[in-house]
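Structure first, then comments.
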Amino acid sequence: MPATRLSAPVGMHDVLPPDSAAWAEAVTRFARLADRYGYGLAVTPILEHAEVFRRIGEHTDVVAKEMYELTDRSGRRLALRPEGTASVVRAYAQHRPTPPWKVWYVAPNFRYERPQRGRYRQHWQLGVEAIGAADPELDVECIALAWATATEMGVPALRLLVNSMGDPEERPGYLEALRAHLRRAGAGLGEAFLARVEANPLRVLDAKDPDWQEVIERAPQLAEHLGAAARAHFEAVQAGLRDLGIPYELAPRLVRGFDYYTRTTFELQTDVLDAAQNAVGGGGRYDRLVEEMGGPATPAIGFAMGVERLVLAAGLTGRVADRPRLDAFVIDALGPDGAREAILVLAELRAAGLRADRAYGGRSLKGQWRAADRARARYGVMLAPAELARGAVVVKDLASGGQVEVSRSALVGWLQARTAPAGAAPPPPPAAGEAVDP
Ligand code: AMP
């Protein structure tokens with residue numbers, strides 16, 4: 001009986017070549033950018049004690065409805081990470097590195113959501129956390145890095161929304177006013193609405209339910225309840241963004257999905273994604289979370305961007321697919337006795353930093369050229385008896401079909417002069433208004 005054909009869990013995806021090239025591009029670029037801004041890599045476990053994630057908010061959808069929890073063989077309650085900040089803050093509180101501590105990460109997150117385009121049960125995030133400074137200029141740096149990430153990758157029609165959540169002391173007064181409005185204006189919206197108003201009215205503000213939107217739009221705004229310090233901080237952040245020429249919009253109802261935010265919150269949206277999935281990234285300050293995680297009182301800020309959404313919005317898959325994937329493909333026309341030569345040429349090209357490959361399994365000449373095309377090589381380098389006897393190889397430009405003879409000893413230099421080092425040439429961003437690939 002044939003074995004059952006297995007597949008990945010619903011809402012979770014394999015990312016394989018050639019599409020994974022766009023991912024490699026996104027992650028590599030982000031790693032380079034974060035490095036330039038002074039952030040080091042942090043790698044934390046995918047599993048944490050479920051308690052770690054409860055600190056991001058018992059009443060958030062992510063914790064209350066979407067978390068993957070499990071009991072291990074010793075009876076510990078563990079959870080798969082649903083977001084990045086909690087794990088990094090836990091690591092900070094545990095190891096107490098010298099602040100300011102600036103780290104970046106790339107990691108999968110798990111949320112039991114209703115899967116749809118741009119929304120998955122496993123998604124990947126690129127992000128940073130900067131822990132140990134309350135300076136509004138750190139907020140500006142953090143937002144500037146998020147902005148650079150999206151713009152350098154070529155996300156079109158980008159919008160930066162900013163808001164301030166104020167300080168925790170200002171929250172009760174605002175929540176009081178918000179609750180009073182929601183109770184009054186939303187009396188007819190049913191049990192689920194009213195339960196959420198009582199449990200955590202902030203979580204009403206970021207709810208997507210279309211029936212609730214009118215009441216949400218008329219809700220009192222956080223900005224009206226900010227104290228002097230939070231207001232000055234927010235103004236300094238905006239001044240910094242203006243200095244850097246980063247355009248932003250004030251979004252008085254941007255509270256984001258977790259309970260830990262204080263002061264600055266921000267989100268990057270693009271009009272090229274569906275409205276419900278239009279956020280490519282977001283973040284904000286969380287000045288109390290380190291303490292709540294058992295560490296010393298330490299202000300901090302961070303952001304995360306969805307890799308799938310960045311790749312989709314920037315149309316990276318199509319742009320990266322158009323580039324040659326290899327600089328050279330070695331074609332062996334020497335027959336069985338010449339196999340060593342192909343191995344040597346290939347080793348030499350790779351040692352010189354060129355991206356090179358060959359076919360295996362004694363393929364016919366025609367089969368090897370076909371393999372070179374399929375591998376999206378820029379040049380075919382053919383080793384043939386007559387040319388090799390003269391100390392030369394045949395190099396064919398696979399796009400134009402043009403062919404030249406190149407001396408064997410000059411081959412590496414010849415190819416290097418005509419191919420860019422891997423990752424050096426960024427693919428051009430799509431023109432404004434250009435459609436993204438599905
Ligand atoms: P969050 O941790 O919810 O603030 O999300 C940060 C970013 O991760 C969002 O702006 C999205 O780009 C991305 N993201 C969040 N949830 C999902 C999901 N279920 N599927 C794909 N991307 C997601």
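Following the order of the structure tokens, chains are lettered A, B, ..., residues in each are numbered from 1, and ligands are numbered from 1.
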> Please, which residues have at least one atom within 7 Å of an atom of ligand 1, using only C-alpha atoms and all ligand atoms, listed as a PyMOL selection string?
Replying inline: chain A and resi 83+111+113+118-125+256-257+279-283+304-309
Dump as an mmCIF file, in the first residue's frame, selection limited to N, CA, C and O atoms:
data_model
loop_
_atom_site.group_PDB
_atom_site.id
_atom_site.type_symbol
_atom_site.label_atom_id
_atom_site.label_comp_id
_atom_site.auth_asym_id
_atom_site.auth_seq_id
_atom_site.Cartn_x
_atom_site.Cartn_y
_atom_site.Cartn_z
ATOM 1 N N GLU A 83 5.712 36.064 19.163
ATOM 2 C CA GLU A 83 6.297 37.358 18.771
ATOM 3 C C GLU A 83 7.704 37.407 19.349
ATOM 4 O O GLU A 83 8.076 36.556 20.165
ATOM 5 N N ARG A 111 1.186 31.676 15.436
ATOM 6 C CA ARG A 111 -0.090 32.189 15.936
ATOM 7 C C ARG A 111 -1.205 31.398 15.267
ATOM 8 O O ARG A 111 -1.201 31.265 14.037
ATOM 9 N N GLU A 113 -3.991 31.657 13.785
ATOM 10 C CA GLU A 113 -4.896 32.617 13.156
ATOM 11 C C GLU A 113 -5.641 31.940 12.020
ATOM 12 O O GLU A 113 -5.305 30.829 11.613
ATOM 13 N N GLY A 118 -1.041 36.611 3.175
ATOM 14 C CA GLY A 118 -0.350 37.569 4.049
ATOM 15 C C GLY A 118 -0.570 37.324 5.537
ATOM 16 O O GLY A 118 -0.084 38.077 6.365
ATOM 17 N N ARG A 119 -1.316 36.282 5.888
ATOM 18 C CA ARG A 119 -1.542 35.962 7.305
ATOM 19 C C ARG A 119 -1.419 34.452 7.486
ATOM 20 O O ARG A 119 -2.198 33.690 6.910
ATOM 21 N N TYR A 120 -0.436 34.021 8.235
ATOM 22 C CA TYR A 120 -0.132 32.599 8.326
ATOM 23 C C TYR A 120 -0.042 32.150 9.787
ATOM 24 O O TYR A 120 0.049 32.975 10.689
ATOM 25 N N ARG A 121 -0.037 30.840 9.996
ATOM 26 C CA ARG A 121 0.096 30.344 11.372
ATOM 27 C C ARG A 121 1.562 30.263 11.783
ATOM 28 O O ARG A 121 1.861 30.257 12.955
ATOM 29 N N GLN A 122 2.432 30.157 10.800
ATOM 30 C CA GLN A 122 3.853 30.387 11.097
ATOM 31 C C GLN A 122 4.303 31.508 10.172
ATOM 32 O O GLN A 122 4.171 31.415 8.956
ATOM 33 N N HIS A 123 4.764 32.598 10.740
ATOM 34 C CA HIS A 123 5.339 33.654 9.916
ATOM 35 C C HIS A 123 6.696 34.017 10.505
ATOM 36 O O HIS A 123 6.989 33.711 11.659
ATOM 37 N N TRP A 124 7.518 34.649 9.680
ATOM 38 C CA TRP A 124 8.876 35.009 10.120
ATOM 39 C C TRP A 124 8.968 36.503 10.340
ATOM 40 O O TRP A 124 8.341 37.280 9.612
ATOM 41 N N GLN A 125 9.717 36.875 11.331
ATOM 42 C CA GLN A 125 9.931 38.299 11.576
ATOM 43 C C GLN A 125 11.410 38.634 11.627
ATOM 44 O O GLN A 125 12.222 37.879 12.157
ATOM 45 N N ARG A 256 -1.598 49.124 18.702
ATOM 46 C CA ARG A 256 -0.910 47.866 18.438
ATOM 47 C C ARG A 256 -1.377 46.760 19.374
ATOM 48 O O ARG A 256 -2.042 47.006 20.369
ATOM 49 N N GLY A 257 -1.061 45.520 18.994
ATOM 50 C CA GLY A 257 -1.738 44.375 19.604
ATOM 51 C C GLY A 257 -1.264 43.858 20.958
ATOM 52 O O GLY A 257 -1.775 42.884 21.450
ATOM 53 N N ALA A 279 0.032 45.910 7.123
ATOM 54 C CA ALA A 279 1.180 46.285 7.957
ATOM 55 C C ALA A 279 2.379 45.424 7.584
ATOM 56 O O ALA A 279 2.308 44.196 7.633
ATOM 57 N N VAL A 280 3.477 46.064 7.179
ATOM 58 C CA VAL A 280 4.702 45.285 6.937
ATOM 59 C C VAL A 280 5.531 45.205 8.210
ATOM 60 O O VAL A 280 6.376 44.334 8.359
ATOM 61 N N GLY A 281 5.275 46.100 9.138
ATOM 62 C CA GLY A 281 6.024 46.037 10.396
ATOM 63 C C GLY A 281 5.524 47.064 11.376
ATOM 64 O O GLY A 281 4.735 47.948 11.028
ATOM 65 N N GLY A 282 5.976 46.924 12.599
ATOM 66 C CA GLY A 282 5.564 47.889 13.611
ATOM 67 C C GLY A 282 6.339 47.670 14.888
ATOM 68 O O GLY A 282 7.044 46.668 15.045
ATOM 69 N N GLY A 283 6.215 48.631 15.781
ATOM 70 C CA GLY A 283 6.923 48.485 17.046
ATOM 71 C C GLY A 283 6.629 49.637 17.962
ATOM 72 O O GLY A 283 5.674 50.386 17.749
ATOM 73 N N ALA A 304 9.344 44.937 14.740
ATOM 74 C CA ALA A 304 9.449 43.693 13.981
ATOM 75 C C ALA A 304 8.750 43.866 12.645
ATOM 76 O O ALA A 304 7.752 44.587 12.547
ATOM 77 N N MET A 305 9.310 43.217 11.622
ATOM 78 C CA MET A 305 8.704 43.276 10.296
ATOM 79 C C MET A 305 8.472 41.850 9.809
ATOM 80 O O MET A 305 9.299 40.967 10.027
ATOM 81 N N GLY A 306 7.337 41.646 9.147
ATOM 82 C CA GLY A 306 7.015 40.309 8.655
ATOM 83 C C GLY A 306 7.769 40.023 7.369
ATOM 84 O O GLY A 306 7.657 40.783 6.407
ATOM 85 N N VAL A 307 8.531 38.930 7.353
ATOM 86 C CA VAL A 307 9.331 38.618 6.154
ATOM 87 C C VAL A 307 8.415 38.341 4.958
ATOM 88 O O VAL A 307 8.640 38.856 3.860
ATOM 89 N N GLU A 308 7.356 37.539 5.192
ATOM 90 C CA GLU A 308 6.451 37.208 4.071
ATOM 91 C C GLU A 308 5.864 38.482 3.467
ATOM 92 O O GLU A 308 5.767 38.628 2.253
ATOM 93 N N ARG A 309 5.452 39.404 4.356
ATOM 94 C CA ARG A 309 4.813 40.634 3.863
ATOM 95 C C ARG A 309 5.818 41.543 3.168
ATOM 96 O O ARG A 309 5.485 42.184 2.179
#
Could you produce a table of the residues of stretch 148-191 of chain A lying within 10 Å of stretch 204-213 of chain A, with the nearest pair of atoms per residue and their separation in Å rounded to one decimal, using only C-alpha atoms, ordered by chain and increasing residue number, as a tab-separated table?
residue	atom	partner	partner_atom	distance
A:Leu178	CA	A:Leu205	CA	9.5
A:Arg179	CA	A:Val204	CA	9.8
A:Leu182	CA	A:Val204	CA	8.8
A:Ala185	CA	A:Trp212	CA	10.0
A:Gly186	CA	A:Trp212	CA	7.7
A:Leu189	CA	A:Trp212	CA	7.3
>> I need the residues in stretch 181-395 of chain A that are strand (DSSP E) according to DSSP; give them as a PyMOL selection string.
In response: chain A and resi 249-250+262-270+279-285+300-306+326-332+356-358+377-383+392-395
> Quick one: of A:Glu224, A:Asp135, A:Glu405, A:Glu348, who's nearest to A:Met165, counting only C-alpha atoms?
Replying inline: A:Glu224
> Between A:Ala26, A:Glu137, A:Glu66, A:Ala130, which has the minimum distance to A:Pro97 (counting only C-alpha atoms)?
Replying inline: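 Closest candidate: A:Ala130.
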> Nearest to A:Leu349: which of A:Gln94, A:Ser364, A:Gln416, A:Thr151 is it, counting only C-alpha atoms?
Replying inline: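 Among A:Gln94, A:Ser364, A:Gln416, A:Thr151, it is A:Gln416 that comes nearest to A:Leu349.
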